[in-house]
file coords.txt (compact mmCIF, C-alpha atoms)
# COMPACT_ATOMS: atom_id res chain seq x y z
CA MET A 1 47.84 144.94 0.21
CA PRO A 2 48.35 143.99 3.89
CA TYR A 3 51.14 141.54 4.61
CA GLY A 4 50.03 137.91 4.78
CA ARG A 5 46.69 138.28 3.01
CA ARG A 6 46.01 136.19 -0.09
CA ARG A 7 46.19 138.09 -3.34
CA ILE A 8 42.70 138.94 -4.62
CA ARG A 9 41.94 137.59 -8.03
CA THR A 10 42.74 139.96 -10.89
CA ALA A 11 39.15 140.18 -12.07
CA VAL A 12 37.87 141.31 -8.69
CA VAL A 13 40.55 144.00 -8.42
CA GLY A 14 39.62 145.33 -11.86
CA ALA A 15 35.99 145.60 -10.90
CA VAL A 16 36.76 147.46 -7.71
CA LEU A 17 38.96 149.99 -9.56
CA ALA A 18 36.27 150.57 -12.18
CA VAL A 19 33.65 151.33 -9.56
CA ALA A 20 36.02 153.72 -7.80
CA ALA A 21 36.70 155.61 -11.04
CA LEU A 22 32.99 156.01 -11.82
CA ALA A 23 32.37 157.35 -8.34
CA GLY A 24 35.09 159.99 -8.72
CA CYS A 25 37.12 158.59 -5.85
CA THR A 26 39.74 161.09 -4.77
CA GLY A 27 41.70 158.80 -2.39
CA SER A 28 45.01 157.23 -3.24
CA PRO A 29 44.70 154.50 -5.86
CA ALA A 30 45.03 150.95 -4.71
CA PRO A 31 48.56 149.66 -5.12
CA ARG A 32 49.27 147.61 -8.23
CA THR A 33 49.90 143.95 -7.70
CA GLY A 34 52.83 141.89 -8.75
CA ALA A 35 56.45 142.85 -9.47
CA ALA A 36 55.46 146.11 -11.15
CA ALA A 37 54.04 147.59 -7.95
CA SER A 38 55.91 150.67 -6.79
CA THR A 39 55.74 151.89 -3.22
CA GLY A 40 58.63 154.39 -3.36
CA PRO A 41 61.79 154.23 -1.26
CA THR A 42 61.44 152.53 2.10
CA PRO A 43 62.24 155.03 4.87
CA THR A 44 65.25 154.08 6.94
CA PRO A 45 64.07 153.65 10.53
CA THR A 46 65.67 156.03 12.98
CA PRO A 47 67.57 153.97 15.53
CA THR A 48 66.56 154.43 19.14
CA PRO A 49 69.52 155.92 21.01
CA THR A 50 71.04 153.55 23.52
CA PRO A 51 71.04 155.18 26.95
CA VAL A 52 74.55 155.99 28.08
CA SER A 53 75.25 154.45 31.46
CA PRO A 54 76.76 156.85 33.99
CA TRP A 55 78.83 153.97 35.32
CA ASP A 56 82.39 153.43 34.08
CA VAL A 57 83.80 149.91 34.46
CA SER A 58 87.38 151.07 33.89
CA PRO A 59 88.07 154.23 35.93
CA ALA A 60 91.49 155.84 35.59
CA SER A 61 91.89 156.79 39.27
CA VAL A 62 90.74 155.47 42.64
CA ALA A 63 90.35 157.10 46.06
CA ALA A 64 89.50 155.01 49.12
CA VAL A 65 87.73 156.22 52.26
CA GLY A 66 86.63 154.38 55.36
CA ASP A 67 88.15 152.70 58.39
CA SER A 68 90.86 150.27 59.49
CA VAL A 69 89.82 147.52 57.07
CA THR A 70 90.73 149.76 54.13
CA ARG A 71 93.99 150.66 55.90
CA ALA A 72 94.72 146.90 56.22
CA PHE A 73 95.22 147.28 59.96
CA ASP A 74 96.90 144.23 61.55
CA ALA A 75 97.33 142.59 58.15
CA CYS A 76 101.14 142.73 58.27
CA SER A 77 102.18 143.48 61.85
CA LEU A 78 100.67 144.05 65.28
CA LEU A 79 98.69 147.24 65.84
CA ALA A 80 99.83 148.87 62.60
CA ASP A 81 98.31 149.92 59.30
CA CYS A 82 99.61 148.14 56.21
CA PRO A 83 98.25 150.20 53.29
CA GLU A 84 100.31 148.28 50.75
CA ALA A 85 98.05 145.30 51.54
CA SER A 86 94.78 147.26 51.30
CA TRP A 87 92.01 145.67 49.27
CA ALA A 88 91.26 149.06 47.71
CA THR A 89 94.57 150.72 46.81
CA GLY A 90 97.34 148.35 47.89
CA THR A 91 100.42 147.57 45.83
CA ASP A 92 101.06 144.03 47.13
CA PRO A 93 100.70 141.65 44.15
CA ALA A 94 99.57 138.88 46.51
CA VAL A 95 96.51 140.95 47.42
CA ASN A 96 95.91 142.17 43.86
CA SER A 97 93.98 145.19 45.07
CA LEU A 98 91.16 146.89 43.27
CA ALA A 99 93.51 149.64 42.11
CA LEU A 100 96.00 147.09 40.76
CA ARG A 101 93.25 145.36 38.83
CA LEU A 102 91.75 148.55 37.42
CA LEU A 103 94.85 150.67 36.83
CA GLY A 104 97.73 148.26 36.45
CA PRO A 105 100.97 148.23 38.50
CA GLY A 106 102.54 151.18 36.72
CA ARG A 107 99.72 153.61 37.47
CA VAL A 108 98.71 152.80 41.03
CA ALA A 109 101.17 155.10 42.80
CA GLY A 110 100.14 158.26 40.97
CA ASN A 111 96.47 157.54 40.49
CA SER A 112 95.19 156.06 43.76
CA TRP A 113 94.89 157.47 47.26
CA ASN A 114 94.08 155.74 50.54
CA LEU A 115 92.35 158.35 52.69
CA ALA A 116 90.75 155.96 55.18
CA ARG A 117 91.61 156.17 58.88
CA SER A 118 91.80 153.35 61.39
CA GLY A 119 89.13 153.70 64.03
CA ALA A 120 86.95 155.97 61.90
CA ARG A 121 83.20 155.95 62.28
CA VAL A 122 80.69 157.27 59.79
CA ALA A 123 80.77 160.73 61.39
CA ALA A 124 84.31 161.11 59.99
CA LEU A 125 83.26 160.20 56.46
CA PRO A 126 82.22 163.67 55.19
CA GLU A 127 85.69 165.02 55.92
CA GLN A 128 87.30 162.04 54.20
CA MET A 129 85.02 162.52 51.21
CA GLY A 130 86.06 166.16 51.00
CA ARG A 131 89.70 165.11 50.81
CA ALA A 132 88.83 162.52 48.18
CA ALA A 133 86.87 165.04 46.09
CA ALA A 134 89.89 167.34 46.02
CA ARG A 135 91.75 164.62 44.08
CA ARG A 136 89.00 164.50 41.42
CA PRO A 137 89.00 160.67 41.36
CA GLU A 138 86.97 158.71 38.84
CA LEU A 139 86.09 156.11 41.48
CA VAL A 140 85.71 156.36 45.25
CA THR A 141 85.44 153.24 47.41
CA VAL A 142 83.63 153.36 50.74
CA MET A 143 83.83 150.85 53.57
CA ILE A 144 82.49 152.19 56.86
CA GLY A 145 80.21 151.16 59.72
CA ALA A 146 81.98 148.38 61.61
CA ASN A 147 83.29 150.81 64.23
CA ASP A 148 79.81 152.30 64.60
CA ALA A 149 78.56 148.88 65.72
CA CYS A 150 81.73 147.70 67.50
CA ARG A 151 81.43 149.72 70.68
CA PRO A 152 82.11 148.38 74.19
CA THR A 153 78.37 147.82 74.63
CA PRO A 154 75.35 148.04 72.32
CA ALA A 155 74.26 151.26 74.04
CA GLY A 156 77.22 153.03 72.44
CA MET A 157 76.36 152.09 68.85
CA THR A 158 75.71 154.94 66.42
CA PRO A 159 71.95 155.53 66.06
CA VAL A 160 70.62 154.62 62.62
CA ALA A 161 69.26 158.11 61.92
CA GLU A 162 72.65 159.62 62.74
CA PHE A 163 74.35 157.07 60.52
CA ARG A 164 72.04 158.06 57.66
CA ARG A 165 72.70 161.78 58.08
CA SER A 166 76.44 161.28 58.01
CA PHE A 167 76.38 159.06 54.96
CA GLU A 168 74.06 161.43 53.07
CA ALA A 169 76.34 164.33 53.97
CA SER A 170 79.32 162.34 52.72
CA LEU A 171 77.87 161.81 49.25
CA ALA A 172 76.73 165.43 49.10
CA ARG A 173 80.26 166.55 49.97
CA LEU A 174 81.72 164.43 47.19
CA ARG A 175 79.22 165.67 44.65
CA LYS A 176 80.07 169.28 45.43
CA ASP A 177 83.59 169.02 43.99
CA ALA A 178 83.56 165.73 42.07
CA PRO A 179 80.04 165.42 40.63
CA LYS A 180 80.93 162.72 38.11
CA ALA A 181 82.92 160.43 40.40
CA ARG A 182 81.63 156.88 40.67
CA VAL A 183 81.16 155.46 44.16
CA TYR A 184 81.42 151.84 45.26
CA VAL A 185 79.89 151.18 48.69
CA ALA A 186 80.77 147.98 50.53
CA SER A 187 78.35 146.55 53.06
CA VAL A 188 79.25 146.27 56.75
CA PRO A 189 80.46 142.73 57.60
CA ASP A 190 78.25 140.37 59.57
CA LEU A 191 79.85 140.60 63.02
CA ARG A 192 77.71 137.83 64.45
CA ARG A 193 79.04 135.45 61.81
CA LEU A 194 82.53 136.49 62.86
CA TRP A 195 81.68 135.58 66.46
CA ASP A 196 80.31 132.23 65.36
CA THR A 197 83.46 131.53 63.34
CA GLY A 198 85.95 132.08 66.15
CA ARG A 199 84.15 131.37 69.41
CA ALA A 200 85.23 127.72 69.57
CA ASN A 201 88.94 128.54 69.30
CA PRO A 202 90.59 129.14 72.74
CA LEU A 203 93.31 131.35 71.25
CA VAL A 204 90.77 133.52 69.43
CA ARG A 205 88.70 133.86 72.60
CA ARG A 206 91.72 135.02 74.61
CA VAL A 207 92.51 137.71 72.04
CA TRP A 208 88.91 138.92 71.90
CA GLU A 209 88.80 139.19 75.68
CA LEU A 210 91.37 142.00 75.41
CA GLY A 211 88.55 144.25 74.21
CA VAL A 212 88.00 143.53 70.52
CA CYS A 213 84.49 144.64 69.47
CA GLY A 214 83.03 144.16 72.94
CA ALA A 215 79.41 144.68 71.94
CA MET A 216 79.56 141.49 69.87
CA LEU A 217 82.63 139.51 70.94
CA ALA A 218 82.73 139.94 74.73
CA ASP A 219 82.18 136.69 76.65
CA PRO A 220 82.18 134.65 73.43
CA GLU A 221 81.29 131.39 75.19
CA ASP A 222 78.27 132.85 76.96
CA LEU A 223 75.14 131.47 75.29
CA GLY A 224 72.71 132.83 77.88
CA ALA A 225 69.65 134.87 76.99
CA ALA A 226 71.20 138.23 77.85
CA ALA A 227 74.30 137.55 75.74
CA GLU A 228 72.15 136.41 72.84
CA ARG A 229 70.04 139.57 73.04
CA ARG A 230 73.23 141.65 73.01
CA ARG A 231 74.56 139.92 69.90
CA THR A 232 71.21 140.11 68.17
CA ALA A 233 71.02 143.85 68.86
CA VAL A 234 74.42 144.37 67.24
CA ARG A 235 73.56 142.28 64.20
CA ASP A 236 70.25 144.10 63.79
CA ARG A 237 72.08 147.41 63.88
CA VAL A 238 74.52 146.25 61.21
CA VAL A 239 71.57 145.17 59.05
CA ALA A 240 70.02 148.61 59.52
CA TYR A 241 73.29 150.32 58.56
CA ASN A 242 73.43 148.28 55.38
CA GLU A 243 69.85 149.23 54.55
CA VAL A 244 70.86 152.88 54.85
CA LEU A 245 73.90 152.39 52.61
CA ALA A 246 71.77 150.66 49.99
CA GLU A 247 68.95 153.21 50.07
CA VAL A 248 71.13 156.32 49.95
CA CYS A 249 73.37 154.87 47.28
CA ALA A 250 70.36 153.90 45.13
CA ARG A 251 69.35 157.56 44.87
CA ASP A 252 72.66 158.43 43.18
CA GLU A 253 72.99 157.17 39.60
CA ARG A 254 76.77 157.07 39.94
CA CYS A 255 76.77 154.94 43.09
CA ARG A 256 76.87 151.15 43.38
CA TYR A 257 76.21 149.23 46.57
CA ASP A 258 77.74 145.78 46.77
CA GLY A 259 74.34 144.15 47.26
CA GLY A 260 75.37 142.78 50.64
CA ALA A 261 78.36 140.87 49.26
CA VAL A 262 80.71 141.70 52.16
CA PHE A 263 77.96 141.16 54.74
CA GLY A 264 77.21 137.75 53.25
CA PHE A 265 80.82 136.65 52.91
CA ARG A 266 82.13 134.21 55.52
CA PHE A 267 85.57 135.21 56.74
CA ASP A 268 86.93 131.99 58.19
CA GLU A 269 90.03 131.94 60.39
CA SER A 270 92.36 131.63 57.40
CA LEU A 271 91.16 135.03 56.18
CA LEU A 272 91.56 136.84 59.52
CA SER A 273 94.58 138.54 61.04
CA THR A 274 96.32 136.30 63.56
CA TRP A 275 97.04 139.43 65.61
CA ASP A 276 93.43 140.18 66.50
CA TRP A 277 91.21 137.60 64.73
CA PHE A 278 89.01 140.47 63.65
CA HIS A 279 90.58 142.38 60.76
CA PRO A 280 91.16 140.66 57.41
CA SER A 281 94.56 139.11 56.78
CA ARG A 282 96.32 139.63 53.46
CA GLU A 283 94.27 136.73 52.13
CA GLY A 284 91.12 138.33 53.48
CA GLN A 285 92.06 141.63 51.85
CA ALA A 286 92.46 139.79 48.55
CA ARG A 287 88.93 138.42 48.85
CA LEU A 288 87.56 141.91 49.51
CA ALA A 289 89.35 143.15 46.39
CA GLU A 290 87.80 140.33 44.39
CA LEU A 291 84.29 141.11 45.64
CA ALA A 292 84.70 144.80 44.83
CA TYR A 293 86.18 144.24 41.38
CA ARG A 294 83.36 141.88 40.45
CA ARG A 295 80.69 144.42 41.39
CA ILE A 296 82.43 147.46 39.91
CA THR A 297 83.00 145.86 36.51
CA GLU A 298 79.46 144.54 36.10
CA LYS A 299 77.84 145.98 32.99
call {"tool": "encode", "arguments": {"input": "coords.txt", "output": "structure tokens"}}
result
Amino acid sequence: MPYGRRRIRTAVVGAVLAVAALAGCTGSPAPRTGAAASTGPTPTPTPTPTPVSPWDVSPASVAAVGDSVTRAFDACSLLADCPEASWATGTDPAVNSLALRLLGPGRVAGNSWNLARSGARVAALPEQMGRAAARRPELVTVMIGANDACRPTPAGMTPVAEFRRSFEASLARLRKDAPKARVYVASVPDLRRLWDTGRANPLVRRVWELGVCGAMLADPEDLGAAAERRRTAVRDRVVAYNEVLAEVCARDERCRYDGGAVFGFRFDESLLSTWDWFHPSREGQARLAELAYRRITEK
């Protein structure tokens, strides 16, 4: 008897059964009503397997590739790397790097590797990825692209198609020797926002005039049409780089893009190195670590 239907009166059921018997009905008899009805054991439903995510929110080792930001250049002293303050693999408790958060202080030294290089552009990434793959890390962090946009003039910026080829080659190189490694890809920072943050500060302007990211930061007080076109061209190129990072990463089930978190983050002067007003300070490195940890541990 279907669920929810009123029980048919006993007399009607008896009549129906009698007619069926006289007709020699060979189908299954109608189920008996009431508590005496027997339908046999109820089959146990087979549970639907829960898909296993290829992402691991608690990797046991971390390798970092990229450029001067990951090397914490100018975070501790002038014109020098400071890897202990790196957002990715640093050991400085004040920064509380990604590796410190994921591995704990006792395991960072033997289970994390900072393979980034100051000044690197995306063309150097495949070689860095090869070195990372040799370590068989469970997680690889990538932060690259600022140097591809920060050329003396916009004409020197890395073409988007070339940027794509290098990034695709980088992931392919990693997959050759470390097919199960997870990859976290940070977006390229918004360089125009950086210009807007520091352009009103005379000290910042004097430092930038020494040649810091000329394509965007040269002549920071110039608001003329030509200067605005130059800055817009650089920002557009950064946006295009981030689109490449997102698209290529999305094709790899073990890759996570930060969703534009670094690009959208405003690095105010308190988060920038006082040596160049361009690279993150220790406090800025700590914020990068926080953004990365939040994205990597999402379930």
call {"tool": "closest_residue", "arguments": {"input": "coords.txt", "among": "A:Asp196, A:Pro179, A:Ala289, A:Arg173", "to": "Leu100 of chain A", "atoms": "all atoms listed in the file"}}
result
A:Ala289
call {"tool": "residues_near_point", "arguments": {"input": "coords.txt", "point": "(74.0, 159.3, 36.9)", "cutoff": "12 Å", "atoms": "only C-alpha atoms", "output": "ChimeraX atom specification"}}
result
/A:51-56,175,179-183,249-256
call {"tool": "atom_distance", "arguments": {"input": "coords.txt", "atom1": "atom CA of Ala133 of chain A", "atom2": "atom CA of Gly145 of chain A"}}
result
20.6 Å
call {"tool": "atom_distance", "arguments": {"input": "coords.txt", "atom1": "atom CA of Val212 of chain A", "atom2": "atom CA of Thr89 of chain A"}}
result
25.6 Å
call {"tool": "closest_residue", "arguments": {"input": "coords.txt", "among": "A:Ala75, A:Leu291, A:Cys82, A:Leu139", "to": "Ser58 of chain A", "atoms": "all atoms listed in the file"}}
result
A:Leu139
